[in-house]
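**Q** Quick one: the structure is below, and I'll ask about it shortly.
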Amino acid sequence: MRIVRHLFALSLLALALNGCATTEVKAWEKSALAKPSMAFDGNVLEARFADHTFQSKEGARGNGAVGGGGCGCN
Amino acid sequence: MRLVLFAGMILCAFLGAGSGAQAARAGHSAPAFSLPSASGKSASLDALKGQVVLVDFWASWCAPCRESFPFLNRMQRQYGAQGLHILGINVDEKRVDATRFLAKIPAQFSVLYDAAGETPKAYDLKVMPSSYLIGRDGKIRLVHQGFKAKDQAALEAAIASVLREKS
């Protein structure tokens with residue numbers, strides 16, 4: 001009996017997960033996501049400045065984007 | 001036992017993700033559509049058979065689209081007489097957004113509206129904006145994703161070469 005109950009719960013979970021897999025935001029549906037308020041950083045210039053400071057303090061240039069040396073120069 | 005169930009569950013989740021429309025690629029026939037313009041009159045791709053058509057998907061919220069409009073206007077002006085017909089398909093959910101955009105950046109080519117998103121789905125759109133250059137035979141010649149200022153020369157060359165093709 002217990003195994004049946006487990007099976008039932010698992011199949012429900014499988015169904016729910018399946019739902020996750022099929023809901024994909026398509027390229028033409030991103031109007032809400034394109035709003036400036038949806039950005040991680042509110043202010044682009046401020047974020048870039050903070051990032052610059054962070055990079056020089058951490059000595060890990062390029063950590064935020066493309067690969068680069070960890071020499072801390074620049 | 002539990003492991004088998006878990007594996008099945010994961011499999012189920014992945015199976016749901018796979019299906020999708022057949023891609024509209026170069027060499028394939030362009031999926032047909034019939035969409036309304038601002039006046040309510042509908043325009044279809046079939047009616048433009050024998051002409052070179054550039055189908056461009058755009059939206060008011062898409063920044064590169066804004067940059068592409070002056071280029072598209074120029075293409076329509078320059079190559080319209082040779083048989084180029086640009087169809088800008090707007091995919092905004094709200095028509096007002098598109099109207100507001102067009103008031104600022106006017107389009108000198110046909111603009112059609114597809115708020116339901118059926119056409120971009122049929123074209124299996126991956127990137128906004130995307131444009132599809134369709135030859136006189138109704139087959140897609142070129143799919144161009146995104147828009148950058150430096151793409152203009154290559155796009156113009158492609159348009160000119162498709163226009164030179166014999167019908």
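Chain labels follow the order of the structure tokens: the first chain is A, the next B, and so on; residue numbering restarts at 1 in every chain, and ligands are counted from 1 in their shown order.
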Chain A residues within 12 Å of chain B, counting only C-alpha atoms: which ones, as number ranges by chain?
**A** A: 3-4, 6-36
**Q** Could those selected residues go to a file with N, CA and C atoms, as a compact mmCIF listing (two decimals), in the first residue's frame?
**A**
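selection27.txt was written with the following content:
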```txt
# COMPACT_ATOMS: atom_id res chain seq x y z
N ILE A 3 3.85 1.56 -1.09
CA ILE A 3 4.56 1.76 -2.38
C ILE A 3 3.63 2.39 -3.41
N VAL A 4 2.36 2.03 -3.35
CA VAL A 4 1.38 2.61 -4.28
C VAL A 4 1.27 4.11 -4.04
N HIS A 6 3.52 5.98 -2.72
CA HIS A 6 4.77 6.61 -3.20
C HIS A 6 4.74 6.81 -4.70
N LEU A 7 4.27 5.77 -5.38
CA LEU A 7 4.20 5.81 -6.84
C LEU A 7 3.32 6.96 -7.30
N PHE A 8 2.20 7.10 -6.62
CA PHE A 8 1.24 8.14 -6.97
C PHE A 8 1.87 9.52 -6.81
N ALA A 9 2.53 9.71 -5.66
CA ALA A 9 3.16 11.00 -5.38
C ALA A 9 4.23 11.31 -6.42
N LEU A 10 5.00 10.30 -6.77
CA LEU A 10 6.08 10.50 -7.72
C LEU A 10 5.55 10.84 -9.11
N SER A 11 4.45 10.17 -9.49
CA SER A 11 3.92 10.46 -10.83
C SER A 11 3.34 11.87 -10.88
N LEU A 12 2.77 12.30 -9.76
CA LEU A 12 2.29 13.69 -9.69
C LEU A 12 3.44 14.66 -9.87
N LEU A 13 4.54 14.36 -9.20
CA LEU A 13 5.73 15.21 -9.27
C LEU A 13 6.27 15.23 -10.69
N ALA A 14 6.24 14.06 -11.33
CA ALA A 14 6.73 13.96 -12.71
C ALA A 14 5.90 14.85 -13.63
N LEU A 15 4.60 14.82 -13.41
CA LEU A 15 3.70 15.66 -14.21
C LEU A 15 4.02 17.13 -14.02
N ALA A 16 4.23 17.50 -12.76
CA ALA A 16 4.52 18.89 -12.45
C ALA A 16 5.83 19.32 -13.11
N LEU A 17 6.85 18.45 -13.04
CA LEU A 17 8.14 18.76 -13.64
C LEU A 17 8.03 18.89 -15.15
N ASN A 18 7.18 18.04 -15.71
CA ASN A 18 6.95 18.08 -17.15
C ASN A 18 6.41 19.45 -17.55
N GLY A 19 5.55 19.99 -16.71
CA GLY A 19 5.02 21.32 -16.95
C GLY A 19 6.14 22.34 -17.02
N CYS A 20 7.11 22.23 -16.12
CA CYS A 20 8.25 23.15 -16.13
C CYS A 20 9.00 23.07 -17.44
N ALA A 21 9.14 21.85 -17.94
CA ALA A 21 9.96 21.66 -19.13
C ALA A 21 9.32 22.26 -20.37
N THR A 22 7.99 22.34 -20.39
CA THR A 22 7.35 22.81 -21.61
C THR A 22 7.12 24.32 -21.63
N THR A 23 7.15 24.95 -20.45
CA THR A 23 6.95 26.40 -20.44
C THR A 23 8.28 27.08 -20.69
N GLU A 24 8.43 27.55 -21.88
CA GLU A 24 9.67 28.22 -22.25
C GLU A 24 9.28 29.58 -22.79
N VAL A 25 9.95 30.62 -22.31
CA VAL A 25 9.64 31.96 -22.81
C VAL A 25 10.31 32.12 -24.16
N LYS A 26 9.49 32.32 -25.19
CA LYS A 26 10.02 32.43 -26.55
C LYS A 26 10.55 33.84 -26.79
N ALA A 27 11.33 33.99 -27.84
CA ALA A 27 11.99 35.27 -28.13
C ALA A 27 11.00 36.42 -28.27
N TRP A 28 9.82 36.12 -28.84
CA TRP A 28 8.85 37.20 -29.10
C TRP A 28 7.95 37.46 -27.90
N GLU A 29 8.18 36.73 -26.81
CA GLU A 29 7.34 36.91 -25.62
C GLU A 29 8.06 37.65 -24.50
N LYS A 30 9.18 38.28 -24.83
CA LYS A 30 10.02 38.83 -23.77
C LYS A 30 9.79 40.31 -23.50
N SER A 31 8.59 40.80 -23.78
CA SER A 31 8.35 42.23 -23.60
C SER A 31 8.49 42.65 -22.14
N ALA A 32 7.97 41.84 -21.24
CA ALA A 32 8.07 42.18 -19.81
C ALA A 32 9.50 42.06 -19.33
N LEU A 33 10.20 41.04 -19.85
CA LEU A 33 11.58 40.82 -19.43
C LEU A 33 12.53 41.89 -19.97
N ALA A 34 12.11 42.57 -21.04
CA ALA A 34 12.97 43.57 -21.66
C ALA A 34 12.91 44.91 -20.94
N LYS A 35 11.98 45.04 -19.99
CA LYS A 35 11.85 46.32 -19.27
C LYS A 35 13.10 46.59 -18.44
N PRO A 36 13.50 47.86 -18.37
CA PRO A 36 14.70 48.20 -17.59
C PRO A 36 14.58 47.76 -16.13
```
**Q** Work out how far atom CA of A:Met38 is from atom CA of B:Arg100, in Å to one decimal.
**A**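 Distance between the two atoms: 21.2 Å.
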**Q** Rounded to one decimal place, report the atom CA of B:Ile86-atom CA of B:Gly27 distance in Å.
**A**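 That distance, rounded to one decimal, is 19.2 Å.
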**Q** Please indicate the distance in Å from atom CA of B:Leu112 to atom CA of B:Pro36, rounded to one decimal place.
**A**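 Value for the atom CA of B:Leu112-atom CA of B:Pro36 distance: 5.6 Å.
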**Q** If you run DSSP on this backbone, which residues of stretch 14-151 of chain B come out as strand (DSSP E or B), and could you give them as a PyMOL selection string?
**A** chain B and resi 29+34-37+42-44+52-58+84-90+110-113+130-134+139-145
**Q** Determine the nearest neighbour of B:Ser131 from the options B:Ile89, B:Ala43, B:Ala32, B:Leu102, counting only C-alpha atoms.
**A**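 Distance minimum relative to B:Ser131 lands on B:Ile89.
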**Q** Identify which of the residues B:Arg66, B:Arg141, B:Arg136, B:Arg77 lies closest to B:Ile105, counting only C-alpha atoms when measuring atom-to-atom distances.
**A**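 Closest to B:Ile105 of all the choices is B:Arg66.
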**Q** Tell me, as an MDAnalysis selection string, which residues lie within 12 Å of B:Pro31, counting only C-alpha atoms; anything in the same chain fewer than 3 positions away does not count.
**A** chainID B and resid 21:26 28 34 44:46 55 118:124 132 134 138:140
